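The next block is data00.cif, given as mmCIF, C-alpha atoms.
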data_start
loop_
_atom_site.group_PDB
_atom_site.id
_atom_site.type_symbol
_atom_site.label_atom_id
_atom_site.label_comp_id
_atom_site.auth_asym_id
_atom_site.auth_seq_id
_atom_site.Cartn_x
_atom_site.Cartn_y
_atom_site.Cartn_z
ATOM 1 C CA MET W 13 20.915 -16.454 -5.928
ATOM 2 C CA ARG W 14 20.752 -12.751 -6.670
ATOM 3 C CA ARG W 15 17.217 -11.619 -7.294
ATOM 4 C CA ARG W 16 16.296 -8.576 -9.345
ATOM 5 C CA THR W 17 12.638 -7.970 -8.762
ATOM 6 C CA MET W 18 10.630 -5.251 -10.363
ATOM 7 C CA VAL W 19 7.354 -4.091 -10.121
ATOM 8 C CA VAL W 20 5.208 -2.384 -11.298
ATOM 9 C CA VAL W 21 4.624 -2.626 -11.522
ATOM 10 C CA GLY W 22 0.925 -2.719 -11.709
ATOM 11 C CA SER W 23 0.331 0.074 -9.308
ATOM 12 C CA LEU W 24 -0.697 2.977 -11.492
ATOM 13 C CA ALA W 25 -2.004 3.443 -14.999
ATOM 14 C CA LEU W 26 -1.420 6.355 -17.295
ATOM 15 C CA ALA W 27 -4.077 9.020 -17.459
ATOM 16 C CA GLY W 28 -6.843 7.765 -19.713
ATOM 17 C CA LEU W 29 -5.341 4.294 -20.127
ATOM 18 C CA GLN W 30 -7.875 1.617 -20.986
ATOM 19 C CA LEU W 31 -7.111 -2.052 -21.436
ATOM 20 C CA GLY W 32 -9.564 -4.699 -22.537
ATOM 21 C CA VAL W 33 -8.616 -8.296 -21.813
ATOM 22 C CA GLY W 34 -10.070 -11.424 -23.352
ATOM 23 C CA GLY W 35 -12.684 -9.497 -25.299
ATOM 24 C CA ALA W 36 -14.096 -7.832 -22.190
ATOM 25 C CA PRO W 37 -15.055 -4.161 -22.401
ATOM 26 C CA ALA W 38 -12.140 -1.879 -21.663
ATOM 27 C CA VAL W 39 -12.272 -0.502 -18.125
ATOM 28 C CA ALA W 40 -10.537 2.674 -17.058
ATOM 29 C CA ALA W 41 -7.692 1.877 -14.684
ATOM 30 C CA PRO W 42 -6.556 3.990 -11.742
ATOM 31 C CA HIS W 43 -4.607 6.972 -12.966
ATOM 32 C CA ARG W 44 -3.080 10.236 -11.923
ATOM 33 C CA PRO W 45 -5.036 13.063 -13.589
ATOM 34 C CA ALA W 46 -2.760 15.665 -15.154
ATOM 35 C CA GLY W 47 -1.890 18.353 -12.647
ATOM 36 C CA ALA W 48 -3.664 16.662 -9.743
ATOM 37 C CA ALA W 49 -2.152 15.342 -6.550
ATOM 38 C CA GLY W 50 -2.656 11.754 -5.508
ATOM 39 C CA VAL W 51 -4.284 8.975 -7.479
ATOM 40 C CA VAL W 52 -7.824 8.090 -8.393
ATOM 41 C CA ARG W 53 -8.529 4.537 -7.245
ATOM 42 C CA THR W 54 -11.242 2.992 -9.427
ATOM 43 C CA LEU W 55 -10.248 -0.626 -9.923
ATOM 44 C CA ALA W 56 -13.441 -2.202 -11.268
ATOM 45 C CA ASP W 57 -12.736 -5.411 -13.232
ATOM 46 C CA PHE W 58 -9.318 -4.442 -14.512
ATOM 47 C CA ASP W 59 -6.587 -6.943 -15.363
ATOM 48 C CA TRP W 60 -3.415 -5.590 -13.741
ATOM 49 C CA PRO W 61 -0.121 -6.803 -15.268
ATOM 50 C CA VAL W 62 2.365 -8.242 -12.766
ATOM 51 C CA THR W 63 5.786 -9.754 -13.488
ATOM 52 C CA GLY W 64 8.179 -11.923 -11.536
ATOM 53 C CA ASP W 65 10.239 -15.098 -11.291
ATOM 54 C CA TRP W 66 7.381 -17.231 -10.005
ATOM 55 C CA ASP W 67 9.230 -20.578 -10.174
ATOM 56 C CA GLY W 68 12.745 -19.424 -9.239
ATOM 57 C CA ASP W 69 14.406 -20.344 -12.545
ATOM 58 C CA GLY W 70 16.021 -16.914 -12.990
ATOM 59 C CA THR W 71 13.659 -15.652 -15.703
ATOM 60 C CA ASP W 72 10.874 -13.146 -15.060
ATOM 61 C CA THR W 73 7.563 -14.054 -16.635
ATOM 62 C CA VAL W 74 4.084 -12.620 -16.889
ATOM 63 C CA GLY W 75 0.969 -12.567 -14.785
ATOM 64 C CA ILE W 76 -2.211 -10.626 -14.144
ATOM 65 C CA TRP W 77 -4.346 -9.739 -11.144
ATOM 66 C CA ARG W 78 -8.059 -9.916 -11.957
ATOM 67 C CA GLY W 79 -10.518 -9.074 -9.224
ATOM 68 C CA ASN W 80 -8.624 -10.498 -6.275
ATOM 69 C CA ARG W 81 -7.141 -13.506 -8.097
ATOM 70 C CA PHE W 82 -3.556 -13.741 -9.350
ATOM 71 C CA HIS W 83 -2.962 -15.689 -12.587
ATOM 72 C CA LEU W 84 0.755 -16.410 -13.059
ATOM 73 C CA ARG W 85 2.526 -18.035 -16.015
ATOM 74 C CA ASN W 86 6.003 -19.595 -15.864
ATOM 75 C CA SER W 87 6.950 -18.920 -19.496
ATOM 76 C CA ASN W 88 6.735 -15.848 -21.695
ATOM 77 C CA SER W 89 4.402 -17.381 -24.241
ATOM 78 C CA ALA W 90 0.714 -17.755 -24.977
ATOM 79 C CA GLY W 91 -1.074 -20.282 -22.819
ATOM 80 C CA PRO W 92 -2.980 -20.739 -19.574
ATOM 81 C CA ALA W 93 -1.817 -19.661 -16.137
ATOM 82 C CA ASP W 94 0.391 -22.178 -14.340
ATOM 83 C CA VAL W 95 -0.712 -20.913 -10.927
ATOM 84 C CA SER W 96 -3.932 -19.148 -9.900
ATOM 85 C CA PHE W 97 -5.032 -18.174 -6.396
ATOM 86 C CA ARG W 98 -6.979 -15.520 -4.519
ATOM 87 C CA PHE W 99 -5.347 -12.840 -2.395
ATOM 88 C CA GLY W 100 -6.493 -9.395 -1.305
ATOM 89 C CA SER W 101 -9.633 -7.430 -2.100
ATOM 90 C CA SER W 102 -10.789 -6.575 -5.612
ATOM 91 C CA ALA W 103 -12.383 -3.299 -4.532
ATOM 92 C CA THR W 104 -9.539 -1.403 -2.895
ATOM 93 C CA ASP W 105 -6.170 -3.082 -3.356
ATOM 94 C CA PHE W 106 -3.199 -2.577 -5.685
ATOM 95 C CA PRO W 107 -1.272 -5.753 -6.617
ATOM 96 C CA LEU W 108 2.452 -6.066 -5.889
ATOM 97 C CA ALA W 109 5.171 -8.640 -6.568
ATOM 98 C CA GLY W 110 8.570 -9.257 -5.038
ATOM 99 C CA ASP W 111 10.928 -11.711 -3.380
ATOM 100 C CA TRP W 112 10.003 -10.628 0.156
ATOM 101 C CA ASP W 113 12.029 -13.323 1.958
ATOM 102 C CA GLY W 114 15.025 -13.673 -0.374
ATOM 103 C CA ASN W 115 14.305 -17.288 -1.311
ATOM 104 C CA GLY W 116 14.825 -16.748 -5.049
ATOM 105 C CA LYS W 117 11.138 -16.807 -5.989
ATOM 106 C CA THR W 118 8.800 -13.887 -6.553
ATOM 107 C CA SER W 119 5.713 -13.790 -4.365
ATOM 108 C CA VAL W 120 2.736 -11.459 -4.444
ATOM 109 C CA GLY W 121 1.222 -8.826 -2.208
ATOM 110 C CA VAL W 122 -1.306 -6.030 -2.160
ATOM 111 C CA GLU W 123 -1.399 -2.469 -0.863
ATOM 112 C CA ARG W 124 -4.622 -1.166 0.718
ATOM 113 C CA GLY W 125 -4.668 2.503 1.674
ATOM 114 C CA ASN W 126 -1.204 2.750 3.190
ATOM 115 C CA THR W 127 -1.155 -0.824 4.519
ATOM 116 C CA PHE W 128 0.947 -3.469 2.793
ATOM 117 C CA PHE W 129 0.090 -7.187 2.859
ATOM 118 C CA LEU W 130 3.040 -9.223 1.533
ATOM 119 C CA ARG W 131 2.436 -12.954 1.000
ATOM 120 C CA ASN W 132 5.387 -15.306 1.500
ATOM 121 C CA SER W 133 3.146 -18.367 1.527
ATOM 122 C CA ALA W 134 -0.502 -19.264 1.958
ATOM 123 C CA THR W 135 -0.024 -19.081 5.744
ATOM 124 C CA ASN W 136 2.664 -16.383 6.051
ATOM 125 C CA VAL W 137 1.709 -12.757 5.356
ATOM 126 C CA THR W 138 3.697 -9.694 6.512
ATOM 127 C CA THR W 139 1.533 -6.647 7.278
ATOM 128 C CA PHE W 140 2.676 -3.086 7.990
ATOM 129 C CA ARG W 141 2.017 0.554 7.089
ATOM 130 C CA PHE W 142 4.127 2.921 5.036
ATOM 131 C CA GLY W 143 3.448 6.225 3.279
ATOM 132 C CA ARG W 144 0.051 7.810 2.752
ATOM 133 C CA ALA W 145 -3.217 6.460 1.384
ATOM 134 C CA THR W 146 -2.873 8.726 -1.676
ATOM 135 C CA ASP W 147 0.622 7.446 -2.541
ATOM 136 C CA PHE W 148 1.073 4.580 -4.948
ATOM 137 C CA PRO W 149 3.372 1.663 -4.225
ATOM 138 C CA ILE W 150 6.502 0.361 -5.930
ATOM 139 C CA THR W 151 8.892 -2.463 -5.067
ATOM 140 C CA GLY W 152 12.547 -3.307 -5.576
ATOM 141 C CA ASP W 153 15.805 -4.489 -4.046
ATOM 142 C CA TRP W 154 17.079 -0.980 -3.312
ATOM 143 C CA ASP W 155 20.190 -2.049 -1.346
ATOM 144 C CA GLY W 156 21.150 -5.202 -3.256
ATOM 145 C CA ASP W 157 20.725 -7.593 -0.315
ATOM 146 C CA GLY W 158 18.629 -10.089 -2.320
ATOM 147 C CA THR W 159 15.305 -9.151 -0.749
ATOM 148 C CA THR W 160 12.577 -7.049 -2.349
ATOM 149 C CA THR W 161 11.187 -4.226 -0.236
ATOM 150 C CA ILE W 162 8.601 -1.539 -0.780
ATOM 151 C CA GLY W 163 8.451 2.144 -1.637
ATOM 152 C CA VAL W 164 5.920 4.767 -2.602
ATOM 153 C CA VAL W 165 5.769 7.609 -5.097
ATOM 154 C CA ARG W 166 4.215 10.931 -4.142
ATOM 155 C CA GLY W 167 4.133 13.517 -6.919
ATOM 156 C CA ASN W 168 7.583 13.074 -8.431
ATOM 157 C CA THR W 169 9.272 11.999 -5.192
ATOM 158 C CA PHE W 170 10.231 8.384 -4.533
ATOM 159 C CA PHE W 171 10.358 7.178 -0.910
ATOM 160 C CA LEU W 172 12.175 3.814 -0.663
ATOM 161 C CA ARG W 173 12.497 1.569 2.390
ATOM 162 C CA ASN W 174 15.075 -1.201 2.847
ATOM 163 C CA SER W 175 12.950 -3.370 5.138
ATOM 164 C CA ASN W 176 9.350 -4.506 4.925
ATOM 165 C CA SER W 177 8.220 -2.799 8.109
ATOM 166 C CA THR W 178 6.807 0.472 9.353
ATOM 167 C CA GLY W 179 9.336 3.291 9.570
ATOM 168 C CA PRO W 180 10.827 6.230 7.660
ATOM 169 C CA ALA W 181 12.169 6.047 4.123
ATOM 170 C CA ASP W 182 15.809 5.017 3.839
ATOM 171 C CA ILE W 183 16.161 6.706 0.438
ATOM 172 C CA THR W 184 14.317 9.740 -0.950
ATOM 173 C CA ILE W 185 14.718 10.736 -4.604
ATOM 174 C CA THR W 186 13.010 13.388 -6.709
ATOM 175 C CA TYR W 187 12.839 12.305 -10.326
ATOM 176 C CA GLY W 188 10.656 12.973 -13.375
ATOM 177 C CA ARG W 189 7.289 14.710 -13.307
ATOM 178 C CA ALA W 190 4.215 14.211 -11.155
ATOM 179 C CA THR W 191 2.265 12.948 -14.186
ATOM 180 C CA ASP W 192 4.861 10.336 -15.230
ATOM 181 C CA PHE W 193 4.330 6.586 -14.785
ATOM 182 C CA PRO W 194 6.944 5.134 -12.396
ATOM 183 C CA VAL W 195 8.834 1.934 -13.210
ATOM 184 C CA THR W 196 11.553 0.097 -11.304
ATOM 185 C CA GLY W 197 14.187 -2.463 -12.258
ATOM 186 C CA ASP W 198 17.837 -3.493 -12.177
ATOM 187 C CA TRP W 199 18.599 -1.780 -15.467
ATOM 188 C CA ASN W 200 22.376 -2.408 -15.479
ATOM 189 C CA GLY W 201 22.596 -5.799 -13.757
ATOM 190 C CA ASP W 202 24.481 -4.599 -10.673
ATOM 191 C CA GLY W 203 22.091 -6.353 -8.283
ATOM 192 C CA LYS W 204 20.298 -3.196 -7.136
ATOM 193 C CA THR W 205 16.905 -1.950 -8.277
ATOM 194 C CA THR W 206 16.744 1.645 -9.423
ATOM 195 C CA ILE W 207 13.904 3.836 -10.581
ATOM 196 C CA GLY W 208 12.578 5.177 -13.859
ATOM 197 C CA VAL W 209 9.573 6.875 -15.375
ATOM 198 C CA VAL W 210 7.570 6.604 -18.575
ATOM 199 C CA ARG W 211 6.250 9.747 -20.265
ATOM 200 C CA GLY W 212 4.064 9.019 -23.253
ATOM 201 C CA ASN W 213 6.060 6.214 -24.872
ATOM 202 C CA THR W 214 9.452 7.512 -23.718
ATOM 203 C CA PHE W 215 11.299 5.615 -21.005
ATOM 204 C CA PHE W 216 13.725 7.411 -18.667
ATOM 205 C CA LEU W 217 15.658 4.770 -16.689
ATOM 206 C CA ARG W 218 17.948 6.020 -13.927
ATOM 207 C CA ASN W 219 21.087 4.008 -13.170
ATOM 208 C CA SER W 220 22.585 6.660 -10.890
ATOM 209 C CA ALA W 221 22.301 10.343 -10.097
ATOM 210 C CA THR W 222 24.339 11.098 -13.223
ATOM 211 C CA SER W 223 23.340 8.261 -15.585
ATOM 212 C CA THR W 224 19.941 7.963 -17.294
ATOM 213 C CA THR W 225 19.025 5.818 -20.298
ATOM 214 C CA THR W 226 16.338 7.365 -22.531
ATOM 215 C CA PHE W 227 14.510 5.737 -25.462
ATOM 216 C CA GLN W 228 11.064 5.170 -26.952
ATOM 217 C CA PHE W 229 9.138 1.918 -27.051
ATOM 218 C CA GLY W 230 5.503 1.051 -27.629
ATOM 219 C CA ARG W 231 2.619 3.504 -27.597
ATOM 220 C CA ALA W 232 1.583 6.233 -25.200
ATOM 221 C CA THR W 233 -1.513 4.220 -24.225
ATOM 222 C CA ASP W 234 0.405 1.010 -23.427
ATOM 223 C CA TYR W 235 0.992 -0.222 -19.880
ATOM 224 C CA PRO W 236 4.737 -0.448 -19.090
ATOM 225 C CA VAL W 237 6.288 -3.465 -17.360
ATOM 226 C CA ALA W 238 9.831 -4.647 -16.655
ATOM 227 C CA GLY W 239 11.628 -7.920 -15.977
ATOM 228 C CA ASP W 240 14.613 -10.112 -16.794
ATOM 229 C CA TRP W 241 12.944 -11.854 -19.732
ATOM 230 C CA ASP W 242 16.087 -13.654 -20.988
ATOM 231 C CA ASN W 243 17.836 -14.483 -17.683
ATOM 232 C CA ASP W 244 20.908 -12.403 -18.539
ATOM 233 C CA GLY W 245 21.145 -10.605 -15.186
ATOM 234 C CA ASP W 246 19.565 -7.255 -16.003
ATOM 235 C CA GLN W 247 15.965 -6.158 -16.286
ATOM 236 C CA THR W 248 14.492 -4.652 -19.413
ATOM 237 C CA ILE W 249 11.199 -3.131 -20.365
ATOM 238 C CA GLY W 250 8.011 -4.238 -22.031
ATOM 239 C CA VAL W 251 4.475 -3.028 -22.575
ATOM 240 C CA VAL W 252 1.017 -4.540 -22.350
ATOM 241 C CA ARG W 253 -1.593 -3.592 -24.944
ATOM 242 C CA GLY W 254 -4.987 -5.126 -24.374
ATOM 243 C CA SER W 255 -4.174 -8.781 -23.713
ATOM 244 C CA ASP W 256 -0.939 -8.657 -25.763
ATOM 245 C CA TRP W 257 2.522 -8.445 -24.175
ATOM 246 C CA PHE W 258 5.503 -6.954 -26.034
ATOM 247 C CA LEU W 259 8.813 -7.614 -24.247
ATOM 248 C CA ARG W 260 12.246 -6.290 -25.194
ATOM 249 C CA ASN W 261 15.593 -7.755 -24.095
ATOM 250 C CA ASP W 262 17.468 -4.435 -24.295
ATOM 251 C CA ASN W 263 16.709 -1.053 -22.813
ATOM 252 C CA SER W 264 16.687 0.681 -26.155
ATOM 253 C CA ALA W 265 14.362 1.542 -29.000
ATOM 254 C CA GLY W 266 13.526 -1.320 -31.331
ATOM 255 C CA ASN W 267 11.111 -4.147 -31.974
ATOM 256 C CA ALA W 268 9.830 -6.485 -29.288
ATOM 257 C CA ASP W 269 11.897 -9.647 -28.871
ATOM 258 C CA LEU W 270 8.867 -11.504 -27.526
ATOM 259 C CA SER W 271 5.200 -10.872 -28.241
ATOM 260 C CA PHE W 272 2.219 -13.019 -27.262
ATOM 261 C CA PRO W 273 -1.269 -12.829 -25.751
ATOM 262 C CA PHE W 274 -1.977 -13.837 -22.171
ATOM 263 C CA THR W 275 -5.656 -14.336 -21.372
ATOM 264 C CA PRO W 276 -6.108 -16.800 -18.506
#

Write the structure described by the file as structure tokens, please.
Amino acid sequence: MRRRTMVVVGSLALAGLQLGVGGAPAVAAPHRPAGAAGVVRTLADFDWPVTGDWDGDGTDTVGIWRGNRFHLRNSNSAGPADVSFRFGSSATDFPLAGDWDGNGKTSVGVERGNTFFLRNSATNVTTFRFGRATDFPITGDWDGDGTTTIGVVRGNTFFLRNSNSTGPADITITYGRATDFPVTGDWNGDGKTTIGVVRGNTFFLRNSATSTTTFQFGRATDYPVAGDWDNDGDQTIGVVRGSDWFLRNDNSAGNADLSFPFTP
């Protein structure tokens, strides 16, 4: 089964972004200050959005990382988490998600400094170093082999590696601005993850060196996510606002196709 894993996905918040979940006070998330190099890592008790195909049914669904506990839901709807477990450290880690072993299901991981801990099962964790401690991590299937691997963003340069191991980047791309929010996904359904950035509420999704899709969605203070919400073979965008998720099935401006709260 071809997997198209994004992620965020959950590695970096926009400057000044604050999200309050479940009525808790909003806590400033890690962010890249305008004009500054590197990231400020102040996790506190922040709910990080994560997305993935947790049950292997071909549809990406929602999740959050709170403290050092992942709460994952198998449907894009309001309700409790289907799976919850602890992994990583609440004080220093960034949450990650990907199909690290190509088995058709998304698993989780964390990045600590420049060390990655990728969890294939409760007893199988891959550990290695890549990039610098001031980079922030991204994930994707860069070469279309069905396995998710890691990358980092430094300023506006993406360093992507095709294996989950220590070594040099296989792909290096300069794209966007240093203050943009990076996103990754298989935007055109070709089986390969490519990059993108969000600037304010404008998405710039790169399909190739000469093809970029640009549109607006959500608000400048939302947290962007991506996934294959409708199991149609390509990944599309969404945003998280407080505890509410707004997911769109096309990479274009318009209303959310799915909207619901998730507060495990």

Using the chain letters and numbers from the file, which residues does the PyMOL selection byres ((chain W and resi 87-93) around 7) grab, as an mmCIF file with C-alpha atoms, in the frame of the given file?
data_model
loop_
_atom_site.group_PDB
_atom_site.id
_atom_site.type_symbol
_atom_site.label_atom_id
_atom_site.label_comp_id
_atom_site.auth_asym_id
_atom_site.auth_seq_id
_atom_site.Cartn_x
_atom_site.Cartn_y
_atom_site.Cartn_z
ATOM 1 C CA THR W 73 7.563 -14.054 -16.635
ATOM 2 C CA VAL W 74 4.084 -12.620 -16.889
ATOM 3 C CA HIS W 83 -2.962 -15.689 -12.587
ATOM 4 C CA LEU W 84 0.755 -16.410 -13.059
ATOM 5 C CA ARG W 85 2.526 -18.035 -16.015
ATOM 6 C CA ASN W 86 6.003 -19.595 -15.864
ATOM 7 C CA ASP W 94 0.391 -22.178 -14.340
ATOM 8 C CA VAL W 95 -0.712 -20.913 -10.927
ATOM 9 C CA SER W 96 -3.932 -19.148 -9.900
ATOM 10 C CA PHE W 272 2.219 -13.019 -27.262
ATOM 11 C CA PRO W 273 -1.269 -12.829 -25.751
ATOM 12 C CA PHE W 274 -1.977 -13.837 -22.171
ATOM 13 C CA PRO W 276 -6.108 -16.800 -18.506
#

Residues matched by the PyMOL selection byres ((chain W and resi 101) around 12) as JSON, numbers by chain: {"W": [55, 56, 57, 77, 78, 79, 80, 81, 82, 98, 99, 100, 102, 103, 104, 105, 106, 107, 121, 122, 123, 124, 125, 129]}

Answer key for the PyMOL selection byres ((chain W and resi 258) around 12), residues as a ChimeraX atom specification: /W:73-74,88-90,229-231,234-239,241,248-257,259-261,266-274

Residues within 12 Å of (5.1, 12.4, -2.9), counting all atoms listed in the file, listed as a PDB file with C-alpha atoms, keeping the file's coordinate frame:
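What landed in part_9.pdb:
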ATOM      1  CA  ALA W  48      -3.664  16.662  -9.743  1.00  0.00           C
ATOM      2  CA  ALA W  49      -2.152  15.342  -6.550  1.00  0.00           C
ATOM      3  CA  GLY W  50      -2.656  11.754  -5.508  1.00  0.00           C
ATOM      4  CA  VAL W  51      -4.284   8.975  -7.479  1.00  0.00           C
ATOM      5  CA  GLY W 143       3.448   6.225   3.279  1.00  0.00           C
ATOM      6  CA  ARG W 144       0.051   7.810   2.752  1.00  0.00           C
ATOM      7  CA  ALA W 145      -3.217   6.460   1.384  1.00  0.00           C
ATOM      8  CA  THR W 146      -2.873   8.726  -1.676  1.00  0.00           C
ATOM      9  CA  ASP W 147       0.622   7.446  -2.541  1.00  0.00           C
ATOM     10  CA  PHE W 148       1.073   4.580  -4.948  1.00  0.00           C
ATOM     11  CA  PRO W 149       3.372   1.663  -4.225  1.00  0.00           C
ATOM     12  CA  GLY W 163       8.451   2.144  -1.637  1.00  0.00           C
ATOM     13  CA  VAL W 164       5.920   4.767  -2.602  1.00  0.00           C
ATOM     14  CA  VAL W 165       5.769   7.609  -5.097  1.00  0.00           C
ATOM     15  CA  ARG W 166       4.215  10.931  -4.142  1.00  0.00           C
ATOM     16  CA  GLY W 167       4.133  13.517  -6.919  1.00  0.00           C
ATOM     17  CA  ASN W 168       7.583  13.074  -8.431  1.00  0.00           C
ATOM     18  CA  THR W 169       9.272  11.999  -5.192  1.00  0.00           C
ATOM     19  CA  PHE W 170      10.231   8.384  -4.533  1.00  0.00           C
ATOM     20  CA  PHE W 171      10.358   7.178  -0.910  1.00  0.00           C
ATOM     21  CA  LEU W 172      12.175   3.814  -0.663  1.00  0.00           C
ATOM     22  CA  ALA W 181      12.169   6.047   4.123  1.00  0.00           C
ATOM     23  CA  THR W 184      14.317   9.740  -0.950  1.00  0.00           C
ATOM     24  CA  ILE W 185      14.718  10.736  -4.604  1.00  0.00           C
ATOM     25  CA  THR W 186      13.010  13.388  -6.709  1.00  0.00           C
ATOM     26  CA  TYR W 187      12.839  12.305 -10.326  1.00  0.00           C
ATOM     27  CA  GLY W 188      10.656  12.973 -13.375  1.00  0.00           C
ATOM     28  CA  ARG W 189       7.289  14.710 -13.307  1.00  0.00           C
ATOM     29  CA  ALA W 190       4.215  14.211 -11.155  1.00  0.00           C
ATOM     30  CA  THR W 191       2.265  12.948 -14.186  1.00  0.00           C
TER      31      THR W 191
END

Taking all listed atoms of segment 209-216 of chain W, build the axis-aligned box, pad each of the six sides by 4 Å, then write its centre and edge lengths in Å to one decimal as AutoDock Vina command-line options.
--center_x 8.9 --center_y 7.7 --center_z -20.1 --size_x 17.7 --size_y 12.1 --size_z 17.5

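Between Ala265 of chain W and the candidates W:Asn115, W:Gln247, W:Thr214, W:Asp65, the tightest atom-to-atom separation, counting only C-alpha atoms, involves W:Thr214.
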
Contacts of Thr139 of chain W at 8 Å (only C-alpha atoms; same-chain gap of 2+ positions) as an MDAnalysis selection string: chainID W and resid 127:130 137 141 177

Separation of atom CA of Ala232 of chain W from atom CA of Asn213 of chain W, in Å and rounded to one decimal: 4.5 Å

Surrounding residues of Gly64 of chain W excluding itself and chain neighbours under 2 positions, 6 Å, only C-alpha atoms, as number ranges by chain: W: 66, 72-73, 118

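Distances here use all atoms listed in the file; by that measure, the residue among W:Val62, W:Ile207, W:Ala109, W:Ile162 closest to Asn176 of chain W is W:Ile162.
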